[in-house]
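One file, entry_11.cif, is given below (mmCIF, C-alpha atoms and all ligand atoms).
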data_upload
#
loop_
_atom_site.label_atom_id
_atom_site.label_comp_id
_atom_site.auth_asym_id
_atom_site.auth_seq_id
_atom_site.Cartn_x
_atom_site.Cartn_y
_atom_site.Cartn_z
CA MET A 1 22.40 -24.76 45.33
CA LYS A 2 21.78 -21.38 43.74
CA GLN A 3 19.29 -18.73 44.88
CA GLU A 4 16.30 -18.39 42.52
CA ASN A 5 17.64 -15.09 41.12
CA GLN A 6 21.07 -16.65 40.35
CA LYS A 7 19.61 -19.44 38.24
CA ASN A 8 19.90 -19.51 34.46
CA TYR A 9 16.56 -19.36 32.69
CA VAL A 10 16.49 -22.20 30.19
CA ASN A 11 14.19 -24.96 29.03
CA ALA A 12 16.01 -28.27 28.70
CA LEU A 13 15.16 -31.67 27.22
CA TYR A 14 16.67 -35.02 28.26
CA LEU A 15 16.44 -38.37 26.49
CA GLN A 16 17.78 -41.89 26.96
CA SER A 17 19.24 -43.82 24.06
CA GLY A 18 20.75 -47.22 23.19
CA GLY A 19 20.91 -50.32 25.42
CA PRO A 20 19.83 -49.97 29.06
CA THR A 21 22.19 -50.19 32.04
CA SER A 22 21.65 -50.59 35.78
CA VAL A 23 22.48 -46.93 36.33
CA ILE A 24 21.15 -44.89 33.40
CA ASN A 25 18.21 -43.84 35.56
CA ALA A 26 20.69 -42.58 38.17
CA SER A 27 21.92 -40.21 35.45
CA MET A 28 18.33 -39.12 34.86
CA LYS A 29 18.03 -38.36 38.59
CA GLY A 30 21.26 -36.34 38.33
CA VAL A 31 19.80 -34.37 35.42
CA ILE A 32 16.63 -33.62 37.38
CA ASP A 33 18.51 -32.51 40.50
CA GLY A 34 21.13 -30.55 38.53
CA PHE A 35 18.43 -28.78 36.55
CA LYS A 36 16.42 -27.89 39.66
CA ASP A 37 19.54 -26.61 41.48
CA ASN A 38 20.94 -24.51 38.65
CA SER A 39 18.20 -23.50 36.23
CA SER A 40 14.79 -22.00 36.16
CA GLY A 41 12.51 -22.87 33.26
CA ASN A 42 11.10 -26.27 32.39
CA LEU A 43 12.69 -29.67 32.07
CA TYR A 44 11.19 -31.94 29.41
CA PHE A 45 11.75 -35.58 28.51
CA SER A 46 11.52 -37.33 25.17
CA LEU A 47 9.97 -40.81 25.30
CA TYR A 48 11.77 -43.62 23.45
CA GLY A 49 14.89 -41.64 22.69
CA VAL A 50 15.21 -39.63 19.54
CA ASP A 51 11.98 -41.19 18.23
CA GLY A 52 10.08 -39.11 20.79
CA LEU A 53 11.88 -36.02 19.61
CA ILE A 54 10.93 -36.67 16.01
CA ASN A 55 7.31 -37.49 16.81
CA ASP A 56 6.62 -34.95 19.57
CA ASN A 57 6.32 -37.60 22.25
CA ILE A 58 7.39 -35.22 25.00
CA ILE A 59 6.48 -35.00 28.68
CA SER A 60 7.42 -32.47 31.34
CA LEU A 61 9.01 -33.05 34.74
CA ASP A 62 5.83 -31.90 36.48
CA SER A 63 3.83 -34.73 34.90
CA LEU A 64 6.04 -37.45 36.45
CA ASP A 65 5.04 -39.38 39.55
CA LYS A 66 7.27 -37.96 42.37
CA SER A 67 7.29 -41.22 44.35
CA LYS A 68 8.77 -43.06 41.35
CA LEU A 69 11.40 -40.37 40.82
CA ARG A 70 12.73 -40.94 44.34
CA LYS A 71 13.50 -44.57 43.42
CA LEU A 72 15.06 -43.82 40.03
CA GLU A 73 18.68 -44.27 41.11
CA LYS A 74 18.21 -47.93 41.92
CA THR A 75 15.90 -48.88 39.05
CA PRO A 76 17.28 -50.65 35.96
CA GLY A 77 15.98 -50.33 32.41
CA THR A 78 15.36 -46.95 30.82
CA PHE A 79 12.66 -45.05 32.69
CA LEU A 80 11.81 -42.99 29.61
CA GLY A 81 12.21 -45.75 27.04
CA SER A 82 15.03 -45.88 24.54
CA ALA A 83 15.70 -46.28 20.83
CA ARG A 84 18.46 -47.27 18.47
CA HIS A 85 17.69 -44.79 15.70
CA ARG A 86 20.31 -43.51 13.28
CA LEU A 87 19.86 -40.03 11.82
CA LYS A 88 21.03 -39.65 8.25
CA PRO A 89 23.53 -36.83 7.59
CA PHE A 90 21.37 -33.68 7.33
CA LEU A 91 22.93 -32.55 4.05
CA GLU A 92 21.65 -35.81 2.52
CA ASP A 93 18.21 -35.88 4.08
CA ASP A 94 16.95 -33.33 6.60
CA HIS A 95 13.32 -34.35 6.97
CA GLU A 96 13.79 -35.82 10.49
CA TYR A 97 15.90 -32.80 11.49
CA LEU A 98 13.06 -30.49 10.44
CA LYS A 99 10.62 -32.45 12.60
CA ILE A 100 13.05 -32.30 15.54
CA LEU A 101 13.51 -28.56 15.04
CA GLU A 102 9.76 -28.05 15.14
CA VAL A 103 9.56 -29.86 18.49
CA ILE A 104 12.60 -28.02 19.87
CA LYS A 105 11.00 -24.71 18.93
CA LYS A 106 7.56 -25.70 20.23
CA TYR A 107 8.97 -26.29 23.75
CA ASP A 108 11.53 -23.50 23.42
CA ILE A 109 14.43 -25.86 24.23
CA HIS A 110 17.96 -24.43 24.47
CA LEU A 111 19.71 -27.32 26.20
CA LEU A 112 19.44 -30.84 24.78
CA ILE A 113 20.89 -33.71 26.85
CA LEU A 114 21.35 -37.15 25.28
CA ASN A 115 22.26 -40.09 27.51
CA GLY A 116 23.85 -42.96 25.58
CA GLY A 117 26.81 -44.74 24.01
CA ASN A 118 28.85 -44.19 20.84
CA ASP A 119 25.85 -44.40 18.51
CA SER A 120 23.94 -41.91 20.65
CA MET A 121 26.94 -39.59 20.58
CA ASP A 122 26.71 -39.82 16.78
CA THR A 123 23.14 -38.51 17.13
CA GLY A 124 24.46 -35.76 19.45
CA TYR A 125 27.18 -34.90 16.95
CA LYS A 126 24.78 -34.69 14.00
CA LEU A 127 22.19 -32.63 15.86
CA ASN A 128 24.85 -30.28 17.18
CA GLU A 129 26.25 -29.77 13.66
CA TYR A 130 22.75 -29.21 12.30
CA PHE A 131 21.82 -26.60 14.92
CA LYS A 132 25.09 -24.77 14.25
CA TYR A 133 24.44 -24.94 10.51
CA ILE A 134 21.00 -23.32 10.84
CA ASN A 135 22.26 -21.00 13.58
CA TYR A 136 19.81 -22.17 16.22
CA PRO A 137 20.97 -21.21 19.74
CA ILE A 138 21.09 -24.47 21.67
CA ASN A 139 23.72 -26.45 23.58
CA VAL A 140 23.82 -30.19 22.94
CA VAL A 141 25.35 -32.28 25.70
CA GLY A 142 25.99 -36.04 26.04
CA VAL A 143 25.92 -38.13 29.21
CA PRO A 144 28.02 -41.28 28.70
CA LYS A 145 26.40 -44.65 29.20
CA THR A 146 27.27 -48.15 28.14
CA ILE A 147 28.04 -51.40 29.89
CA ASP A 148 30.53 -52.07 27.07
CA ASN A 149 32.93 -49.36 28.36
CA ASP A 150 33.99 -48.65 24.78
CA LEU A 151 33.68 -44.84 24.58
CA MET A 152 36.85 -42.99 23.61
CA ILE A 153 38.75 -40.64 25.94
CA THR A 154 36.68 -41.13 29.09
CA ASP A 155 38.41 -43.36 31.66
CA HIS A 156 35.29 -45.51 31.83
CA THR A 157 31.54 -45.28 31.29
CA PRO A 158 28.60 -45.39 33.68
CA GLY A 159 27.01 -48.83 33.56
CA TYR A 160 30.30 -50.70 33.18
CA GLY A 161 31.14 -51.01 36.88
CA SER A 162 27.73 -52.43 37.80
CA ALA A 163 27.66 -54.88 34.90
CA SER A 164 31.19 -56.04 35.79
CA ARG A 165 30.22 -56.43 39.43
CA PHE A 166 27.35 -58.68 38.38
CA ILE A 167 29.60 -60.69 36.06
CA VAL A 168 32.19 -61.27 38.81
CA SER A 169 29.59 -62.46 41.30
CA ALA A 170 27.90 -64.67 38.68
CA LEU A 171 31.24 -66.24 37.73
CA ALA A 172 32.11 -66.91 41.38
CA SER A 173 28.75 -68.64 41.85
CA ILE A 174 29.16 -70.72 38.71
CA TYR A 175 32.69 -71.66 39.77
CA LEU A 176 31.47 -73.02 43.12
CA ASP A 177 28.59 -74.85 41.46
CA ASN A 178 31.03 -76.64 39.18
CA LEU A 179 32.90 -78.10 42.17
CA ALA A 180 29.85 -80.21 43.06
CA TYR A 181 30.80 -83.40 41.18
CA ARG A 182 34.04 -85.37 41.14
CA ASN A 183 33.88 -85.09 37.37
CA GLY A 184 32.69 -81.58 36.71
CA LYS A 185 31.92 -79.82 33.46
CA ILE A 186 33.40 -77.26 31.20
CA ASN A 187 31.32 -74.16 31.85
CA ILE A 188 31.33 -71.54 29.14
CA VAL A 189 30.08 -68.15 30.27
CA GLU A 190 29.16 -65.70 27.53
CA VAL A 191 29.48 -62.02 28.33
CA MET A 192 28.16 -59.00 26.38
CA GLY A 193 30.33 -56.39 24.70
CA ARG A 194 29.72 -56.32 20.99
CA ASP A 195 33.14 -55.10 19.89
CA THR A 196 35.34 -55.11 22.96
CA GLY A 197 36.49 -57.32 25.83
CA TRP A 198 36.19 -54.80 28.70
CA LEU A 199 33.29 -56.65 30.34
CA THR A 200 34.86 -60.06 29.84
CA ALA A 201 38.12 -58.81 31.35
CA SER A 202 36.31 -58.27 34.66
CA CYS A 203 36.70 -62.03 35.22
CA VAL A 204 40.25 -61.29 36.38
CA MET A 205 38.69 -60.37 39.74
CA LEU A 206 38.14 -64.07 40.43
CA GLN A 207 41.83 -64.29 41.20
CA THR A 208 41.20 -62.07 44.21
CA LEU A 209 38.63 -64.63 45.43
CA GLY A 210 41.06 -67.54 45.06
CA MET A 211 39.30 -68.86 41.96
CA GLU A 212 40.56 -69.66 38.51
CA VAL A 213 39.26 -68.93 35.03
CA ASP A 214 40.92 -71.31 32.57
CA LEU A 215 40.49 -69.51 29.26
CA VAL A 216 39.31 -66.04 28.26
CA TYR A 217 38.39 -64.96 24.73
CA ILE A 218 37.87 -61.34 23.69
CA PRO A 219 37.03 -59.68 20.34
CA GLU A 220 40.40 -57.90 20.26
CA SER A 221 42.22 -61.20 19.72
CA SER A 222 41.27 -63.62 16.92
CA PHE A 223 39.71 -66.94 17.86
CA ASP A 224 40.98 -70.25 16.50
CA GLU A 225 38.66 -73.24 16.89
CA ASN A 226 41.35 -75.93 16.65
CA ASP A 227 43.60 -74.27 19.18
CA PHE A 228 40.57 -73.83 21.46
CA LEU A 229 39.71 -77.55 21.33
CA VAL A 230 43.29 -78.59 22.09
CA ARG A 231 43.36 -76.31 25.14
CA VAL A 232 39.96 -77.48 26.43
CA ASN A 233 40.96 -81.12 26.04
CA ASP A 234 44.10 -80.50 28.04
CA ILE A 235 42.30 -78.59 30.81
CA TYR A 236 39.68 -81.31 31.23
CA ALA A 237 42.30 -84.06 31.26
CA ARG A 238 44.14 -82.29 34.08
CA LYS A 239 41.26 -80.96 36.20
CA ARG A 240 38.06 -82.77 35.18
CA ARG A 241 36.33 -79.38 35.04
CA GLY A 242 36.93 -75.90 33.70
CA MET A 243 35.64 -72.36 33.31
CA ILE A 244 35.84 -70.40 30.06
CA VAL A 245 34.71 -66.81 29.71
CA VAL A 246 33.96 -65.57 26.22
CA SER A 247 32.83 -62.26 24.72
CA GLU A 248 29.70 -62.45 22.57
CA GLY A 249 31.60 -60.69 19.77
CA ILE A 250 34.66 -62.92 19.31
CA LYS A 251 35.92 -63.09 15.73
CA ASN A 252 37.99 -65.50 13.67
CA SER A 253 41.20 -64.58 11.84
CA ASP A 254 39.16 -63.30 8.84
CA GLY A 255 37.50 -60.77 11.16
CA ASP A 256 34.09 -62.51 10.99
CA PHE A 257 32.01 -63.17 14.09
CA VAL A 258 32.43 -66.78 15.23
CA LEU A 259 28.64 -66.83 15.47
CA ASN A 260 26.68 -64.39 13.36
CA ASN A 261 22.91 -64.37 13.73
CA LYS A 262 22.65 -61.90 10.84
CA ALA A 263 19.84 -59.68 12.27
CA THR A 264 21.04 -56.05 12.41
CA ASP A 265 19.81 -52.81 14.02
CA SER A 266 19.57 -49.32 12.49
CA PHE A 267 23.29 -48.72 13.14
CA ASN A 268 23.99 -51.94 11.21
CA HIS A 269 25.15 -53.77 14.34
CA VAL A 270 24.65 -57.51 14.27
CA GLN A 271 22.39 -58.87 17.04
CA LEU A 272 24.82 -61.09 18.93
CA GLY A 273 24.28 -63.86 21.48
CA GLY A 274 24.69 -67.62 21.48
CA VAL A 275 28.40 -68.06 20.83
CA GLY A 276 28.79 -69.72 24.25
CA SER A 277 26.25 -72.41 23.30
CA TYR A 278 27.91 -72.79 19.93
CA LEU A 279 31.28 -73.47 21.59
CA ALA A 280 29.73 -75.79 24.19
CA ASN A 281 28.18 -77.86 21.39
CA LEU A 282 31.51 -77.90 19.60
CA ILE A 283 33.26 -79.31 22.69
CA THR A 284 30.58 -81.95 23.23
CA SER A 285 30.57 -83.07 19.63
CA LYS A 286 34.34 -83.04 19.05
CA LEU A 287 35.69 -83.97 22.48
CA ASN A 288 32.75 -85.70 24.12
CA ILE A 289 33.16 -83.65 27.30
CA LYS A 290 30.18 -82.47 29.36
CA THR A 291 29.60 -78.75 28.99
CA ARG A 292 27.15 -76.11 30.09
CA ALA A 293 26.84 -72.72 28.43
CA VAL A 294 25.60 -69.76 30.48
CA GLU A 295 24.62 -66.61 28.61
CA LEU A 296 24.52 -63.75 31.12
CA SER A 297 22.62 -61.74 28.52
CA VAL A 298 20.47 -58.84 29.74
CA LEU A 299 20.92 -59.79 33.41
CA GLN A 300 24.39 -58.19 33.38
CA ARG A 301 22.97 -54.80 32.46
CA SER A 302 19.76 -55.00 34.49
CA TYR A 303 20.55 -56.68 37.80
CA ALA A 304 20.54 -53.37 39.66
CA LEU A 305 20.15 -55.11 43.04
CA GLN A 306 23.89 -55.76 42.63
CA ALA A 307 24.77 -52.31 41.26
CA SER A 308 28.09 -50.69 42.19
CA ASN A 309 27.63 -47.75 44.56
CA VAL A 310 30.53 -46.00 42.81
CA ASP A 311 28.85 -46.47 39.43
CA ILE A 312 25.52 -45.10 40.70
CA GLU A 313 27.23 -42.05 42.12
CA GLU A 314 29.25 -41.34 38.97
CA ALA A 315 26.24 -41.85 36.68
CA TYR A 316 24.31 -39.38 38.85
CA THR A 317 27.15 -36.82 38.78
CA ALA A 318 27.56 -37.11 34.99
CA GLY A 319 23.85 -36.30 34.62
CA TYR A 320 24.08 -33.45 37.10
CA ILE A 321 27.07 -31.86 35.31
CA ALA A 322 25.35 -32.12 31.92
CA THR A 323 22.72 -29.64 33.09
CA LEU A 324 25.49 -27.00 33.30
CA GLY A 325 25.98 -27.19 29.51
CA LYS A 326 24.12 -23.94 28.90
CA GLU A 327 25.84 -22.07 31.70
CA PHE A 328 29.31 -23.13 30.45
CA ASN A 329 28.15 -22.74 26.84
CA VAL A 330 29.61 -26.11 25.84
CA ASP A 331 28.61 -28.87 23.43
CA GLY A 332 29.94 -32.40 23.80
CA MET A 333 30.03 -35.38 26.12
CA VAL A 334 30.80 -35.44 29.82
CA SER A 335 34.05 -37.37 30.23
CA PHE A 336 35.88 -38.86 33.25
CA THR A 337 39.59 -38.50 34.03
CA ARG A 338 41.01 -40.67 36.80
CA GLU A 339 43.37 -39.00 39.25
CA LYS A 340 45.55 -40.53 41.94
CA ASN A 341 43.74 -42.51 44.66
CA TYR A 342 40.77 -42.86 42.36
CA SER A 343 39.27 -39.42 42.41
CA LEU A 344 37.51 -38.42 39.20
CA ASN A 345 37.64 -35.18 37.23
CA TYR A 346 34.72 -34.38 34.96
CA SER A 347 35.06 -32.40 31.73
CA PHE A 348 33.34 -32.01 28.36
CA ILE A 349 34.86 -33.46 25.18
CA PRO A 350 33.72 -32.78 21.57
CA PHE A 351 31.18 -35.26 20.14
CA ALA A 352 33.46 -35.82 17.13
CA GLU A 353 35.97 -37.53 19.41
CA VAL A 354 33.50 -40.21 20.54
CA ALA A 355 30.79 -40.52 17.89
CA ASN A 356 30.93 -43.93 16.21
CA LYS A 357 34.41 -44.63 17.57
CA ILE A 358 35.35 -47.65 19.65
CA LYS A 359 37.82 -47.86 22.52
CA TYR A 360 39.22 -51.38 22.53
CA LEU A 361 40.61 -53.20 25.53
CA PRO A 362 44.38 -52.57 25.32
CA LEU A 363 46.17 -55.81 24.54
CA LYS A 364 48.66 -55.12 27.32
CA TYR A 365 45.93 -56.56 29.57
CA TYR A 366 45.63 -59.82 27.61
CA ASP A 367 48.05 -62.73 27.56
CA GLU A 368 47.78 -64.28 24.08
CA GLU A 369 49.84 -67.29 25.12
CA THR A 370 47.72 -68.40 28.04
CA LYS A 371 44.42 -66.75 26.92
CA GLN A 372 44.15 -64.99 30.27
CA ILE A 373 43.51 -61.46 31.47
CA LYS A 374 46.60 -60.13 33.19
CA LYS A 375 46.63 -59.27 36.87
CA SER A 376 47.43 -55.62 36.06
CA PHE A 377 43.82 -55.14 34.97
CA ILE A 378 42.68 -55.54 38.60
CA ARG A 379 44.09 -52.10 39.35
CA TYR A 380 41.98 -50.55 36.60
CA ILE A 381 38.70 -52.28 37.37
CA LYS A 382 38.60 -52.71 41.14
CA PRO A 383 37.58 -49.14 42.09
CA LEU A 384 34.70 -49.23 39.59
CA LEU A 385 33.06 -52.23 41.24
CA GLY A 386 32.08 -50.31 44.36
CA SER A 387 32.24 -51.53 47.90
CA LEU A 388 33.54 -55.09 48.05
CA LYS A 389 32.59 -55.52 51.68
CA ASP A 390 30.34 -58.60 51.91
CA PHE A 391 31.20 -59.44 48.31
CA LYS A 392 32.71 -62.83 49.12
CA TYR A 393 30.76 -65.98 49.82
CA PRO A 394 30.89 -66.90 53.54
CA ILE A 395 33.21 -69.89 53.02
CA LEU A 396 35.83 -67.95 51.07
O1 LIG A 401 24.60 -51.33 24.45
C1 LIG A 401 25.55 -52.27 24.13
C2 LIG A 401 25.04 -53.65 24.36
O2 LIG A 401 24.80 -53.85 25.69
C3 LIG A 401 26.00 -54.70 23.80
O3 LIG A 401 26.88 -55.20 24.74
C4 LIG A 401 25.09 -55.74 23.26
O4 LIG A 401 25.64 -56.39 22.15
C5 LIG A 401 23.91 -54.96 22.87
O5 LIG A 401 23.84 -53.85 23.70
C6 LIG A 401 22.63 -55.76 22.93
O6 LIG A 401 21.56 -54.92 22.91
P1 LIG A 401 20.06 -55.35 22.69
O7 LIG A 401 19.83 -56.57 23.50
O8 LIG A 401 19.31 -54.19 23.16
O9 LIG A 401 19.96 -55.58 21.23
#

What does the file become when written as structure tokens?
Amino acid sequence: MKQENQKNYVNALYLQSGGPTSVINASMKGVIDGFKDNSSGNLYFSLYGVDGLINDNIISLDSLDKSKLRKLEKTPGTFLGSARHRLKPFLEDDHEYLKILEVIKKYDIHLLILNGGNDSMDTGYKLNEYFKYINYPINVVGVPKTIDNDLMITDHTPGYGSASRFIVSALASIYLDNLAYRNGKINIVEVMGRDTGWLTASCVMLQTLGMEVDLVYIPESSFDENDFLVRVNDIYARKRRGMIVVSEGIKNSDGDFVLNNKATDSFNHVQLGGVGSYLANLITSKLNIKTRAVELSVLQRSYALQASNVDIEEAYTAGYIATLGKEFNVDGMVSFTREKNYSLNYSFIPFAEVANKIKYLPLKYYDEETKQIKKSFIRYIKPLLGSLKDFKYPIL
């Protein structure tokens, strides 16, 4: 920690954006601690993401309840509220930029920290370009966050490890439940991850618990209904039960979502959910086999009681490092590089390299023939899940 006279004088503003995770508030705690350790001046927060910035819905650190701040690291949801709000390119329409500029000037902000995923990094990119264009002296910094793990360059994203940890423990529980009857069911577990199969791939960890997932479907590989039914029929004939894990965003060979609910958000993303039930109904109607669909839904991003200690720590550190953006005079997102023996290096990468881009699960981890995640993925994911002591059920 720096002496008072060594600290940089700067006013900073932090906001949370996009879907919540179990650990986004740990990043907020990192921002608060990093700011206090390294800067003098005031730390402000925008409520409900960029909406608060546009509408001057700003609060200061001093106004927050200190007893709540102490518990931030283990609290899910977004403490400050979030938004999915897309800024138009400023050369097309700058009216929201002008409102933001007014707020930035009012609080004399020279470090802006946005905590979010690829859409939020698009907001970071656009704001950074705008401030450069008008020559306003401010550093814009991103703190990565998404359970989907689909941000470019960074080895992984805060939120992913905890969500995966929850998914693995939920799948293990469902697996044991399905052993109850001589004739079990086909359980279909639907996992989030709009465009990618990173979260779904975490099911490979069941192998380490001596359990078996029969089929895995991810958005990176096209889904064929007929082939699916043949495989399910065969599995049930052999085992009288089965477990299928499916990403919410699986697509057919035309590139269309297998289930499309049509509702979209401001980034034009379709609101997904329900494909597990759709497939369960398909099995029942075509094969007359008992099924149960389980949609893990928001539990996987909010069940912080199960959060990964590694994920919490990394989310905190990413937030802490972001507060050094002014001192290092950088713009861009904090990114992780994995070194040997799982130590992490932190650096900043340009917004343009992450904004609106998607990092897909490499197909080297997926076996198209058997519809399984390959064992090699265990090496990638295991360190992110945190301490696995006490992770197994007593009988295993
Ligand atoms: O932030 C990404 C994500 O978690 C996706 O996996 C999912 O499709 C989406 O958010 C759902 O968000 P919401 O429930 O907020 O619409």

What are the closest atom pairs, with distances in Å to one decimal, for each residue of chain A lying within 8 Å of ligand LIG 401 (chain A), using only C-alpha atoms and all ligand atoms, rows by chain and rising residue number, as CSV?
residue,atom,partner,partner_atom,distance
A:Gly18,CA,A:LIG401,O1,5.8
A:Gly19,CA,A:LIG401,O1,3.9
A:Pro20,CA,A:LIG401,O1,6.8
A:Thr21,CA,A:LIG401,O2,7.8
A:Gly117,CA,A:LIG401,O1,7.0
A:Thr146,CA,A:LIG401,O1,5.6
A:Ile147,CA,A:LIG401,O2,5.8
A:Asp148,CA,A:LIG401,O3,5.3
A:Met192,CA,A:LIG401,O3,4.3
A:Gly193,CA,A:LIG401,O3,3.6
A:Arg194,CA,A:LIG401,O4,4.2
A:Asp195,CA,A:LIG401,O3,7.9
A:Glu248,CA,A:LIG401,O4,7.3
A:Gly249,CA,A:LIG401,O4,7.7
A:Asp265,CA,A:LIG401,O9,7.7
A:Gln271,CA,A:LIG401,O9,5.9
A:Leu272,CA,A:LIG401,O4,5.8
A:Gly273,CA,A:LIG401,O4,7.6
A:Ser297,CA,A:LIG401,O7,7.7
A:Val298,CA,A:LIG401,O7,6.7
A:Arg301,CA,A:LIG401,O2,7.1

TODO: Can you work out the spacing between atom CA of Arg379 of chain A and atom CA of Arg165 of chain A in Å, to one decimal?
DONE: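 Separation of atom CA of Arg379 of chain A and atom CA of Arg165 of chain A: 14.5 Å.
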
TODO: Compare A:Gly332, A:Gly124, A:Gly386, A:Gly210 by their minimum atom-to-atom distance to Leu176 of chain A, counting all atoms listed in the file, and give me the closest one.
DONE: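 When distances to Leu176 of chain A are compared using all atoms listed in the file, the smallest one comes from A:Gly210.
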
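For the choices A:Thr123, A:Asp155, A:Ile104, A:Gln306, the atom-to-atom distance to Glu339 of chain A is smallest for A:Asp155 when using only C-alpha atoms.
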
Open item on the list: My list of candidates is A:Asn128, A:Ser253, A:Gln300, A:Ser247. Which is closest to Gly274 of chain A when distances are computed with only C-alpha atoms?
Closed with: A:Ser247

Open item on the list: Measuring between all atoms listed in the file, which one of A:Glu327, A:Asp56, A:Asp367, A:Asp177 shows the shortest distance to Phe35 of chain A?
Closed with: A:Glu327

- [ ] Could you check which of A:Met121, A:Leu385, A:Leu151, A:Met205 is closest to Ala355 of chain A, using only C-alpha atoms?
- [x]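 Result for the nearest residue to Ala355 of chain A: A:Met121.
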
Task: Interatomic distance, atom CA of Thr196 of chain A to atom CA of Tyr303 of chain A (Å, one decimal) - done: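 About the pair atom CA of Thr196 of chain A and atom CA of Tyr303 of chain A: they are 21.0 Å apart.
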
Which neighbours of segment 63-78 of chain A fall inside 6 Å, counting all atoms listed in the file, when residues of the same chain fewer than 5 positions from it are skipped, and could you give them as an mmCIF file with C-alpha atoms, keeping the file's coordinate frame?
data_model
loop_
_atom_site.group_PDB
_atom_site.id
_atom_site.type_symbol
_atom_site.label_atom_id
_atom_site.label_comp_id
_atom_site.auth_asym_id
_atom_site.auth_seq_id
_atom_site.Cartn_x
_atom_site.Cartn_y
_atom_site.Cartn_z
ATOM 1 C CA PRO A 20 19.830 -49.970 29.060
ATOM 2 C CA SER A 22 21.650 -50.590 35.780
ATOM 3 C CA ASN A 25 18.210 -43.840 35.560
ATOM 4 C CA ALA A 26 20.690 -42.580 38.170
ATOM 5 C CA SER A 302 19.760 -55.000 34.490
ATOM 6 C CA ALA A 304 20.540 -53.370 39.660
#

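Taking atom CA of Ile134 of chain A and atom CA of Lys99 of chain A as the two end points, the separation is 13.9 Å.
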
Open item on the list: Using all atoms listed in the file for the distances, tell me which of A:Tyr130, A:Tyr125, A:Tyr48, A:Tyr365 is nearest to Met333 of chain A.
Closed with: A:Tyr125

Any idea what's packed within 9 Å of Lys374 of chain A, counting all atoms listed in the file, ignoring anything in its chain fewer than 4 positions away? Could you give it as an mmCIF file with C-alpha atoms, in the frame of the given file?
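Saved to around39.cif:
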data_model
loop_
_atom_site.group_PDB
_atom_site.id
_atom_site.type_symbol
_atom_site.label_atom_id
_atom_site.label_comp_id
_atom_site.auth_asym_id
_atom_site.auth_seq_id
_atom_site.Cartn_x
_atom_site.Cartn_y
_atom_site.Cartn_z
ATOM 1 C CA ALA A 201 38.120 -58.810 31.350
ATOM 2 C CA VAL A 204 40.250 -61.290 36.380
ATOM 3 C CA LYS A 364 48.660 -55.120 27.320
ATOM 4 C CA TYR A 365 45.930 -56.560 29.570
ATOM 5 C CA TYR A 366 45.630 -59.820 27.610
ATOM 6 C CA ASP A 367 48.050 -62.730 27.560
ATOM 7 C CA ILE A 378 42.680 -55.540 38.600
#

Open item on the list: Need the shell around segment 211-225 of chain A: protein/DNA/RNA residues with any atom at most 8 Å away, counting only C-alpha atoms. Skip same-chain ones fewer than 5 positions apart. Format as a VMD selection string?
Closed with: chain A and resid 172 175 195 to 197 200 to 201 203 to 204 206 235 242 to 247 249 to 253 255 258 360 to 361 363 368 370 to 373

Using only C-alpha atoms, find each residue of segment 130-216 of chain A with at least one atom at most 8 Å away from an atom of segment 281-292 of chain A; report its shortest atom-to-atom pair and that distance in Å (one decimal), sort the rows by chain and rising residue number, and return the result as JSON lines.
{"residue": "A:Gly184", "atom": "CA", "partner": "A:Lys290", "partner_atom": "CA", "distance": 7.8}
{"residue": "A:Lys185", "atom": "CA", "partner": "A:Thr291", "partner_atom": "CA", "distance": 5.1}
{"residue": "A:Ile186", "atom": "CA", "partner": "A:Thr291", "partner_atom": "CA", "distance": 4.6}
{"residue": "A:Asn187", "atom": "CA", "partner": "A:Arg292", "partner_atom": "CA", "distance": 4.9}
{"residue": "A:Ile188", "atom": "CA", "partner": "A:Arg292", "partner_atom": "CA", "distance": 6.3}

Mind checking which residues fall within 7 Å of Pro144 of chain A, counting all atoms listed in the file, ignoring those fewer than 4 positions away in the same chain, and posting them as a short mmCIF file (atom, residue, chain, number, x, y, z; two decimals) with C-alpha atoms, in the coordinates of the input?
data_model
loop_
_atom_site.label_atom_id
_atom_site.label_comp_id
_atom_site.auth_asym_id
_atom_site.auth_seq_id
_atom_site.Cartn_x
_atom_site.Cartn_y
_atom_site.Cartn_z
CA ASN A 115 22.26 -40.09 27.51
CA GLY A 116 23.85 -42.96 25.58
CA GLY A 117 26.81 -44.74 24.01
CA THR A 157 31.54 -45.28 31.29
CA PRO A 158 28.60 -45.39 33.68
CA MET A 333 30.03 -35.38 26.12
CA VAL A 334 30.80 -35.44 29.82
#
